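Q: Data file structure_19.txt (compact mmCIF, C-alpha atoms) is appended below.
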```
# COMPACT_ATOMS: atom_id res chain seq x y z
CA MET H 15 50.55 76.32 114.84
CA VAL H 16 52.26 76.70 111.48
CA LYS H 17 55.99 76.15 111.88
CA VAL H 18 57.17 76.95 108.35
CA SER H 19 55.39 78.86 105.59
CA VAL H 20 56.65 78.00 102.12
CA ILE H 21 56.04 80.86 99.67
CA MET H 22 55.72 79.95 95.99
CA PRO H 23 54.88 82.63 93.40
CA VAL H 24 53.33 81.18 90.25
CA PHE H 25 53.19 82.82 86.82
CA ASN H 26 52.16 80.79 83.74
CA GLU H 27 53.88 77.70 85.14
CA SER H 28 51.05 75.21 85.48
CA ASN H 29 53.21 72.43 84.00
CA LEU H 30 55.85 72.91 86.72
CA ILE H 31 53.65 73.15 89.79
CA GLU H 32 53.06 69.48 90.54
CA LYS H 33 56.62 68.37 91.26
CA SER H 34 57.21 71.40 93.49
CA ILE H 35 54.01 70.79 95.48
CA GLU H 36 54.79 67.09 95.86
CA SER H 37 58.25 67.94 97.22
CA VAL H 38 56.51 70.01 99.94
CA ASN H 39 54.11 67.16 100.65
CA ASN H 40 57.06 64.78 101.01
CA GLN H 41 58.55 66.86 103.84
CA ASN H 42 58.19 65.12 107.19
CA LEU H 43 57.47 68.46 108.85
CA LYS H 44 53.68 68.47 108.85
CA ASP H 45 52.93 71.79 110.59
CA ILE H 46 53.53 73.56 107.33
CA GLU H 47 51.69 75.73 104.83
CA LEU H 48 52.37 76.30 101.16
CA ILE H 49 51.26 79.75 100.05
CA CYS H 50 50.84 79.82 96.26
CA ILE H 51 50.53 83.34 94.87
CA ASN H 52 49.12 83.19 91.35
CA TYR H 53 50.18 86.55 89.93
CA SER H 54 48.94 87.77 86.56
CA SER H 55 48.95 84.30 84.98
CA THR H 56 47.13 83.84 81.68
CA ASP H 57 47.30 80.03 81.53
CA ASN H 58 45.47 77.48 83.70
CA CYS H 59 47.67 77.97 86.79
CA LEU H 60 44.73 78.84 89.03
CA GLU H 61 42.81 75.76 87.91
CA THR H 62 45.85 73.56 88.60
CA LEU H 63 46.40 75.12 92.02
CA ASN H 64 42.75 74.64 92.95
CA LYS H 65 43.02 70.97 92.01
CA PHE H 66 45.95 70.48 94.36
CA SER H 67 44.39 72.53 97.16
CA LYS H 68 41.53 70.00 97.19
CA LYS H 69 44.08 67.20 97.48
CA TYR H 70 46.25 68.82 100.16
CA ASN H 71 44.91 70.95 102.99
CA PHE H 72 48.26 72.66 103.61
CA ILE H 73 47.91 74.73 100.41
CA LYS H 74 46.69 78.32 100.56
CA ILE H 75 46.01 80.11 97.26
CA ILE H 76 46.25 83.85 96.73
CA ASN H 77 45.10 85.09 93.34
CA GLY H 78 46.50 88.52 92.58
CA GLU H 79 46.14 90.47 89.36
CA ASN H 80 48.71 93.03 88.19
CA LEU H 81 51.31 91.82 90.67
CA SER H 82 55.03 91.50 89.98
CA LEU H 83 57.20 88.64 91.24
CA ALA H 84 58.44 90.90 94.06
CA ASP H 85 54.87 91.88 94.93
CA ALA H 86 53.88 88.21 95.06
CA ARG H 87 56.69 87.27 97.43
CA ASN H 88 56.01 90.29 99.66
CA LYS H 89 52.33 89.40 99.77
CA GLY H 90 53.20 85.82 100.65
CA ILE H 91 55.27 87.03 103.60
CA LYS H 92 52.45 89.28 104.78
CA GLU H 93 49.84 86.52 104.57
CA SER H 94 52.02 83.79 106.08
CA LEU H 95 51.28 82.27 109.48
CA GLY H 96 54.53 80.39 110.04
CA LYS H 97 57.20 81.22 112.58
CA TYR H 98 59.75 80.71 109.79
CA ILE H 99 59.55 81.29 106.05
CA ALA H 100 61.01 79.29 103.17
CA PHE H 101 60.81 80.06 99.46
CA LEU H 102 60.16 77.76 96.52
CA ASP H 103 59.88 78.47 92.80
CA PRO H 104 57.81 76.33 90.39
CA GLY H 105 59.97 73.60 88.88
CA ASP H 106 62.32 73.56 91.87
CA ILE H 107 62.08 71.04 94.70
CA PHE H 108 63.07 70.36 98.28
CA LEU H 109 65.68 67.61 98.04
CA ASP H 110 65.75 65.95 101.46
CA LYS H 111 62.41 65.05 103.01
CA THR H 112 63.80 65.77 106.49
CA ALA H 113 65.32 69.15 105.57
CA LEU H 114 62.65 71.62 106.70
CA LYS H 115 62.05 69.72 109.97
CA LYS H 116 65.74 69.67 110.84
CA MET H 117 66.22 73.30 109.87
CA TYR H 118 63.17 74.39 111.84
CA ASN H 119 64.23 72.46 114.96
CA TRP H 120 67.75 73.92 114.73
CA ALA H 121 66.29 77.41 114.30
CA LEU H 122 63.97 76.95 117.28
CA LYS H 123 66.71 75.57 119.52
CA ASN H 124 68.97 78.57 118.82
CA ASP H 125 66.28 81.22 118.38
CA ALA H 126 67.94 81.83 115.01
CA ASN H 127 66.95 84.59 112.62
CA ILE H 128 68.22 82.48 109.73
CA VAL H 129 69.27 78.87 109.19
CA CYS H 130 71.23 78.02 106.07
CA GLY H 131 71.43 74.65 104.31
CA ASN H 132 72.75 73.68 100.87
CA LEU H 133 71.46 74.27 97.37
CA LYS H 134 72.20 71.98 94.46
CA ARG H 135 71.38 72.12 90.79
CA ILE H 136 68.92 69.74 89.20
CA ASN H 137 67.69 69.23 85.67
CA SER H 138 64.13 68.67 84.47
CA ASP H 139 64.43 64.98 85.45
CA ASN H 140 65.40 65.96 89.03
CA GLU H 141 68.90 64.55 88.58
CA ILE H 142 71.23 66.18 91.12
CA LEU H 143 74.15 67.95 89.48
CA LYS H 144 77.26 69.76 90.68
CA ASN H 145 76.79 73.39 91.60
CA PRO H 146 79.56 75.35 89.81
CA ASN H 147 79.33 78.14 92.39
CA TYR H 148 81.05 75.91 94.94
CA LYS H 149 84.07 75.34 92.71
CA LEU H 150 84.26 79.06 91.92
CA ASP H 151 84.15 79.84 95.66
CA TYR H 152 81.04 81.95 95.18
CA SER H 153 79.10 79.78 97.63
CA SER H 154 80.06 77.43 100.45
CA TYR H 155 78.93 73.83 100.70
CA PHE H 156 78.26 73.07 104.35
CA THR H 157 79.25 69.69 105.79
CA GLU H 158 78.80 70.28 109.53
CA TYR H 159 76.77 72.21 112.06
CA TYR H 160 78.37 75.53 112.94
CA LEU H 161 77.95 79.26 113.21
CA VAL H 162 79.25 81.82 110.71
CA ARG H 163 79.25 85.57 110.44
CA PRO H 164 77.26 87.09 107.56
CA LYS H 165 80.49 88.11 105.80
CA HIS H 166 81.32 84.41 105.45
CA TYR H 167 78.02 83.41 103.87
CA GLY H 168 79.52 83.75 100.39
CA LEU H 169 77.97 85.82 97.65
CA PRO H 170 74.39 86.85 98.52
CA TRP H 171 72.88 84.36 96.11
CA ASP H 172 70.72 81.26 96.49
CA PHE H 173 68.34 82.81 99.00
CA GLN H 174 66.17 79.68 98.64
CA LYS H 175 68.63 77.55 100.67
CA ASN H 176 67.65 79.38 103.87
CA ILE H 177 64.72 79.64 106.23
CA PHE H 178 64.05 83.09 107.73
CA LYS H 179 62.33 84.13 110.95
CA LYS H 180 59.19 85.99 109.94
CA ASP H 181 59.12 88.34 112.94
CA PHE H 182 62.66 89.50 112.11
CA ILE H 183 61.68 90.22 108.50
CA ILE H 184 58.67 92.28 109.59
CA LYS H 185 60.48 94.09 112.41
CA ASN H 186 63.33 95.15 110.11
CA ASN H 187 61.07 95.97 107.16
CA ILE H 188 62.93 93.59 104.85
CA GLY H 189 61.26 92.90 101.53
CA PHE H 190 61.70 92.32 97.82
CA PRO H 191 62.21 95.50 95.75
CA ASP H 192 60.17 95.68 92.56
CA LEU H 193 62.83 94.69 90.03
CA LYS H 194 62.56 92.23 87.16
CA ILE H 195 65.93 90.76 88.11
CA GLY H 196 68.01 90.78 91.29
CA SER H 197 65.15 91.34 93.73
CA ASP H 198 65.97 88.14 95.65
CA VAL H 199 69.64 89.13 95.94
CA LEU H 200 68.74 92.49 97.48
CA PHE H 201 66.31 90.81 99.88
CA LEU H 202 69.07 88.50 101.05
CA VAL H 203 71.80 91.14 101.35
CA ASP H 204 69.40 93.35 103.32
CA PHE H 205 68.80 90.42 105.67
CA LEU H 206 72.50 89.50 105.97
CA THR H 207 73.51 93.05 106.84
CA SER H 208 70.86 93.16 109.58
CA ILE H 209 72.06 90.12 111.55
CA GLN H 210 75.13 89.06 113.49
CA GLU H 211 75.23 85.32 112.91
CA ILE H 212 74.02 82.52 110.64
CA TYR H 213 73.24 79.03 111.87
CA ILE H 214 74.44 76.37 109.46
CA ILE H 215 73.04 72.88 109.00
CA PRO H 216 74.68 70.30 106.70
CA ILE H 217 71.66 69.23 104.70
CA ASP H 218 70.67 69.55 101.04
CA LEU H 219 67.51 71.61 101.18
CA TYR H 220 66.93 73.01 97.72
CA GLY H 221 67.09 71.70 94.17
CA TYR H 222 67.34 74.54 91.65
CA ASP H 223 66.29 73.59 88.12
CA TYR H 224 68.77 75.63 86.08
CA THR H 225 67.25 74.37 82.81
CA ILE H 226 64.13 76.42 83.61
CA ASN H 227 65.53 79.41 85.43
CA GLY H 228 68.78 79.83 83.51
CA ASN H 229 71.22 82.52 84.63
CA TYR H 230 71.48 86.29 84.57
CA LYS H 231 73.10 86.45 81.14
CA ASP H 232 70.14 84.57 79.65
CA LYS H 233 67.84 87.24 81.01
CA PHE H 234 69.26 90.29 79.21
CA LYS H 235 66.36 90.08 76.81
CA ASN H 236 65.04 93.62 76.88
CA TYR H 237 65.60 97.12 78.20
CA GLN H 238 63.82 96.54 81.51
CA MET H 239 65.81 93.39 82.29
CA LYS H 240 69.10 95.16 81.60
CA HIS H 241 68.02 98.23 83.54
CA ASP H 242 66.97 96.30 86.63
CA TYR H 243 70.05 94.10 86.50
CA ILE H 244 72.36 97.13 86.55
CA VAL H 245 70.25 98.87 89.23
CA HIS H 246 70.37 95.82 91.49
CA PHE H 247 74.13 95.50 91.01
CA LYS H 248 74.77 99.13 91.93
CA ILE H 249 72.63 98.89 95.07
CA LEU H 250 74.22 95.57 96.00
CA LEU H 251 77.79 96.87 95.65
CA GLU H 252 77.01 100.01 97.61
CA ILE H 253 75.52 97.97 100.46
CA LEU H 254 78.46 95.55 100.58
CA ASP H 255 80.96 98.42 100.52
CA TYR H 256 79.10 100.28 103.26
CA TYR H 257 79.03 97.25 105.56
CA LYS H 258 82.63 96.36 104.66
CA PHE H 259 81.86 92.97 103.12
CA LYS H 260 85.09 93.48 101.22
CA LYS H 261 85.79 89.97 99.95
CA ASN H 262 82.29 89.47 98.59
CA ALA H 263 82.18 92.96 97.10
CA ASN H 264 85.44 92.36 95.22
CA LYS H 265 84.18 89.08 93.78
CA LEU H 266 80.97 90.70 92.61
CA LYS H 267 82.82 93.62 91.06
CA LYS H 268 84.87 91.19 88.98
CA ILE H 269 81.66 89.48 87.89
CA PHE H 270 80.13 92.81 86.92
CA ILE H 271 83.21 93.85 84.96
CA GLY H 272 82.82 90.54 83.13
CA ASP H 273 79.27 91.63 82.21
CA LEU H 274 80.63 94.90 80.84
CA ASN H 275 83.08 92.91 78.70
CA THR H 276 80.21 90.72 77.49
CA SER H 277 78.31 93.84 76.41
CA ILE H 278 81.41 94.91 74.45
CA LYS H 279 81.56 91.52 72.75
CA ASN H 280 77.87 91.79 71.85
CA LYS H 281 78.15 95.48 70.91
CA ASP H 282 75.21 96.11 73.22
CA THR H 283 74.97 99.90 73.14
CA GLU H 284 71.70 99.79 75.09
CA PHE H 285 73.51 98.17 78.04
CA TYR H 286 76.17 100.91 77.85
CA LYS H 287 73.61 103.72 77.86
CA ILE H 288 71.75 102.23 80.82
CA PHE H 289 75.02 101.80 82.72
CA ASN H 290 75.85 105.49 82.24
CA GLU H 291 72.39 106.52 83.44
CA ILE H 292 72.70 104.49 86.64
CA PHE H 293 76.40 104.61 87.46
CA ASP H 294 76.71 108.38 87.40
CA ASN H 295 80.15 108.09 88.99
CA THR H 296 82.77 105.35 89.11
CA LYS H 297 83.46 105.43 92.86
CA THR H 298 81.90 102.00 93.39
CA LEU H 299 84.16 100.51 90.69
CA SER H 300 87.19 102.71 91.35
CA ASN H 301 89.58 99.73 91.26
CA TYR H 302 88.68 99.09 87.62
CA LYS H 303 89.57 102.39 85.96
CA ASP H 304 91.30 100.76 82.97
CA GLU H 305 88.39 98.41 82.32
CA LEU H 306 85.89 101.25 82.61
CA LEU H 307 87.97 103.37 80.25
CA TYR H 308 87.96 100.63 77.64
CA PHE H 309 84.21 100.11 78.11
CA ASP H 310 83.54 103.84 77.72
CA LEU H 311 85.81 104.40 74.71
CA PHE H 312 84.62 101.31 72.90
CA PHE H 313 81.00 102.39 73.00
CA SER H 314 81.70 106.11 72.55
CA THR H 315 83.49 105.41 69.28
CA LEU H 316 80.96 102.75 68.22
CA ILE H 317 77.97 105.02 68.80
CA LEU H 318 79.70 107.90 67.02
CA ARG H 319 80.62 105.67 64.10
CA ASN H 320 77.12 104.22 63.71
CA GLY H 321 75.20 107.43 64.29
CA LYS H 322 77.50 110.05 62.75
CA ILE H 323 75.78 112.81 64.72
CA VAL H 324 77.53 116.15 64.99
CA GLU H 325 76.82 116.61 68.71
CA ASN H 326 78.24 113.16 69.45
CA PHE H 327 81.39 113.98 67.51
CA TYR H 328 82.35 117.05 69.50
CA LYS H 329 81.31 115.50 72.80
CA THR H 330 83.40 112.40 72.08
CA LYS H 331 86.36 114.41 70.87
CA GLU H 332 86.45 116.43 74.09
CA LYS H 333 86.41 113.22 76.07
CA LEU H 334 89.23 111.72 74.00
CA LYS H 335 91.51 114.72 74.53
CA GLU H 336 91.92 113.59 78.12
CA ILE H 337 92.93 110.02 77.22
CA ASN H 338 96.47 108.75 77.68
CA LEU H 339 97.28 107.19 74.32
CA ASP H 340 100.06 105.15 75.92
CA SER H 341 97.49 103.09 77.81
CA ASN H 342 96.99 99.34 77.33
CA LEU H 343 93.91 99.74 75.19
CA PRO H 344 93.48 97.51 72.11
CA LYS H 345 95.48 98.76 69.14
CA LYS H 346 92.46 99.23 66.84
CA LEU H 347 90.68 101.31 69.45
CA LEU H 348 93.75 103.50 69.98
CA LEU H 349 94.03 104.02 66.24
CA GLU H 350 90.39 105.10 66.08
CA VAL H 351 90.94 107.50 68.98
CA GLU H 352 93.90 109.03 67.15
CA PHE H 353 91.84 109.31 63.98
CA ILE H 354 88.98 111.14 65.73
CA LEU H 355 91.42 113.55 67.36
CA SER H 356 93.03 114.24 63.99
CA CYS H 357 89.72 115.24 62.35
CA LYS H 358 89.40 119.00 62.11
CA ASN H 359 85.62 118.99 62.21
CA PHE H 360 82.56 116.77 61.94
CA GLU H 361 82.47 116.90 58.15
CA ASP H 362 86.05 115.66 58.04
CA TYR H 363 85.13 112.76 60.33
CA LYS H 364 81.94 111.91 58.44
CA LEU H 365 83.74 111.93 55.10
CA ASN H 366 86.59 109.63 56.14
CA ILE H 367 85.39 107.34 58.95
CA ASP H 368 84.11 104.49 56.75
CA GLU H 369 87.33 104.30 54.79
CA PHE H 370 89.36 104.44 57.99
CA ILE H 371 87.43 101.54 59.56
CA LYS H 372 88.01 99.47 56.45
CA SER H 373 91.71 100.17 56.64
CA ILE H 374 92.12 98.99 60.25
CA ASP H 375 89.88 95.98 59.75
CA ASN H 376 91.97 94.66 56.86
```
Starting from the file, give its structure as structure tokens.

A:
Amino acid sequence: MVKVSVIMPVFNESNLIEKSIESVNNQNLKDIELICINYSSTDNCLETLNKFSKKYNFIKIINGENLSLADARNKGIKESLGKYIAFLDPGDIFLDKTALKKMYNWALKNDANIVCGNLKRINSDNEILKNPNYKLDYSSYFTEYYLVRPKHYGLPWDFQKNIFKKDFIIKNNIGFPDLKIGSDVLFLVDFLTSIQEIYIIPIDLYGYDYTINGNYKDKFKNYQMKHDYIVHFKILLEILDYYKFKKNANKLKKIFIGDLNTSIKNKDTEFYKIFNEIFDNTKTLSNYKDELLYFDLFFSTLILRNGKIVENFYKTKEKLKEINLDSNLPKKLLLEVEFILSCKNFEDYKLNIDEFIKSIDN
């Protein structure tokens, strides 16, 4: 009987596979399978996986073309034989060789739907580093066996530090949505809002190589990444609000407002346009009206200034008529708002905007 199925999607990461596989082999839980889903790779991943499958009989290879990362993980769950499921990404490792055995035994003893350990950062040399999320109180570092409610898990990140009961996943139709970014977060929050308790074990299970995987801000590389990031955040906040995970929701809202401010700093009009397409109302972020106003006015004036399109001018001017000019907006932005409102028509704006911007920039 397979006790734990470890699911590892692989995409063009043949150089990272070995250390991850060896960390599975080093586990002292031997009733284990490693399901490697090679999805759409164009390098020699399949060849590398086949080499290791000949060396270790616990490896099962699934070769899937035209799959996404979410598809690969979902397929791994479907094909798994284990009572519990763990996840591993190429380049990451299991830190403690006793971790999966202890977590499985604790899960079995308590008939747990989920058992949670600890995640730490590592670098490419497998040196264990401090996890900044603990200091920021985004995640909890567990030092004893105990039971917590899902609301006390911390932010729904680091899904790799858990093992999950497969039957519970299937019964509750929990899976990874097809997003380029944030799919794992939504899987975890769906799981957490479906259970009543989390069994904690004080062991370092997972080593996350941040030098490979980076962070969300490093992944705003293209339209699809930005789109899926904002989509996942909206869904996540709506779920947390609905289930009254108030503390976690408030922390995540502050993080998201920080992302809006980063887009202002980078003058990322694409991010702004995507945000407006997805957040069609501000109810989810109703506590941040001032920040959203600044975000909206900054990009409205920037887009108008750069495009100088007549439709944008009148649309923006109507919006600005409703603004309280005594607000705490930056002085330059308020001056630009006043300038736009003072323009009689689009030709007036088009004729004078460049000179006006020079005057406030000096």

Q: Could you work out an axis-aligned box for region 90-107 of chain H, taking every atom the file lists and adding 4 Å on each side, and report centre and edge lengths in Å to one decimal, as JSON?

A:
```
{"center_x": 56.1, "center_y": 80.2, "center_z": 100.7, "size_x": 20.5, "size_y": 26.2, "size_z": 31.7}
```

Q: Calculated over all atoms listed in the file, which of the candidates H:Ser138, H:Asn264, H:Asn88, H:Ser356 has the smallest distance to Asn187 (chain H)?

A: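 Checking each of H:Ser138, H:Asn264, H:Asn88, H:Ser356 against Asn187 (chain H), counting all atoms listed in the file, the winner is H:Asn88.
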
Q: Quick one: residues within 10 Å of Ser55 (chain H), only C-alpha atoms, excluding same-chain residues fewer than 5 positions away - as a list in words?

A: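 Everything that qualifies: Val24, Phe25, Asn26, Glu27, Ser28, Leu60, Asn77, Gly78, Glu79, Asn80 and Leu81 of chain H.
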
Q: Could you give me, as JSON lines, every region 147-167 of chain H residue with an atom at most 8 Å from region 209-229 of chain H, plus its closest atom pair and distance in Å to one decimal, counting all atoms listed in the file, rows ordered by chain then number?

A:
```
{"residue": "H:Phe156", "atom": "CA", "partner": "H:Pro216", "partner_atom": "CA", "distance": 5.1}
{"residue": "H:Thr157", "atom": "CA", "partner": "H:Pro216", "partner_atom": "CA", "distance": 4.7}
{"residue": "H:Glu158", "atom": "CA", "partner": "H:Pro216", "partner_atom": "CA", "distance": 5.0}
{"residue": "H:Tyr159", "atom": "CA", "partner": "H:Ile215", "partner_atom": "CA", "distance": 4.9}
{"residue": "H:Tyr160", "atom": "CA", "partner": "H:Ile214", "partner_atom": "CA", "distance": 5.3}
{"residue": "H:Leu161", "atom": "CA", "partner": "H:Tyr213", "partner_atom": "CA", "distance": 4.9}
{"residue": "H:Val162", "atom": "CA", "partner": "H:Ile212", "partner_atom": "CA", "distance": 5.3}
{"residue": "H:Arg163", "atom": "CA", "partner": "H:Glu211", "partner_atom": "CA", "distance": 4.7}
{"residue": "H:Pro164", "atom": "CA", "partner": "H:Glu211", "partner_atom": "CA", "distance": 6.0}
{"residue": "H:Tyr167", "atom": "CA", "partner": "H:Ile212", "partner_atom": "CA", "distance": 7.9}
```

Q: Might you pull out every residue within 7 Å of Lys180 (chain H), with all atoms listed in the file counted and same-chain residues fewer than 5 positions away left off, and present them as an NGL selection string?

A: :H and (97-99)

Q: Export C-alpha atoms of the chosen residues as an mmCIF file, in the coordinates of the input?

A:
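Dumped to selection-v2.cif:
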```cif
data_model
loop_
_atom_site.group_PDB
_atom_site.id
_atom_site.type_symbol
_atom_site.label_atom_id
_atom_site.label_comp_id
_atom_site.auth_asym_id
_atom_site.auth_seq_id
_atom_site.Cartn_x
_atom_site.Cartn_y
_atom_site.Cartn_z
ATOM 1 C CA LYS H 97 57.200 81.220 112.580
ATOM 2 C CA TYR H 98 59.750 80.710 109.790
ATOM 3 C CA ILE H 99 59.550 81.290 106.050
#
```

Q: Counting only C-alpha atoms, figure out which residue out of H:Tyr152, H:Phe108, H:Phe101, H:Tyr243 gets nearest to Phe173 (chain H).

A: H:Phe101

Q: May I ask which of the residues H:Lys248, H:Lys364, H:Lys165, H:Arg319 is the closest one to Asn290 (chain H), counting all atoms listed in the file?

A: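 The closest residue to Asn290 (chain H) is H:Lys248.
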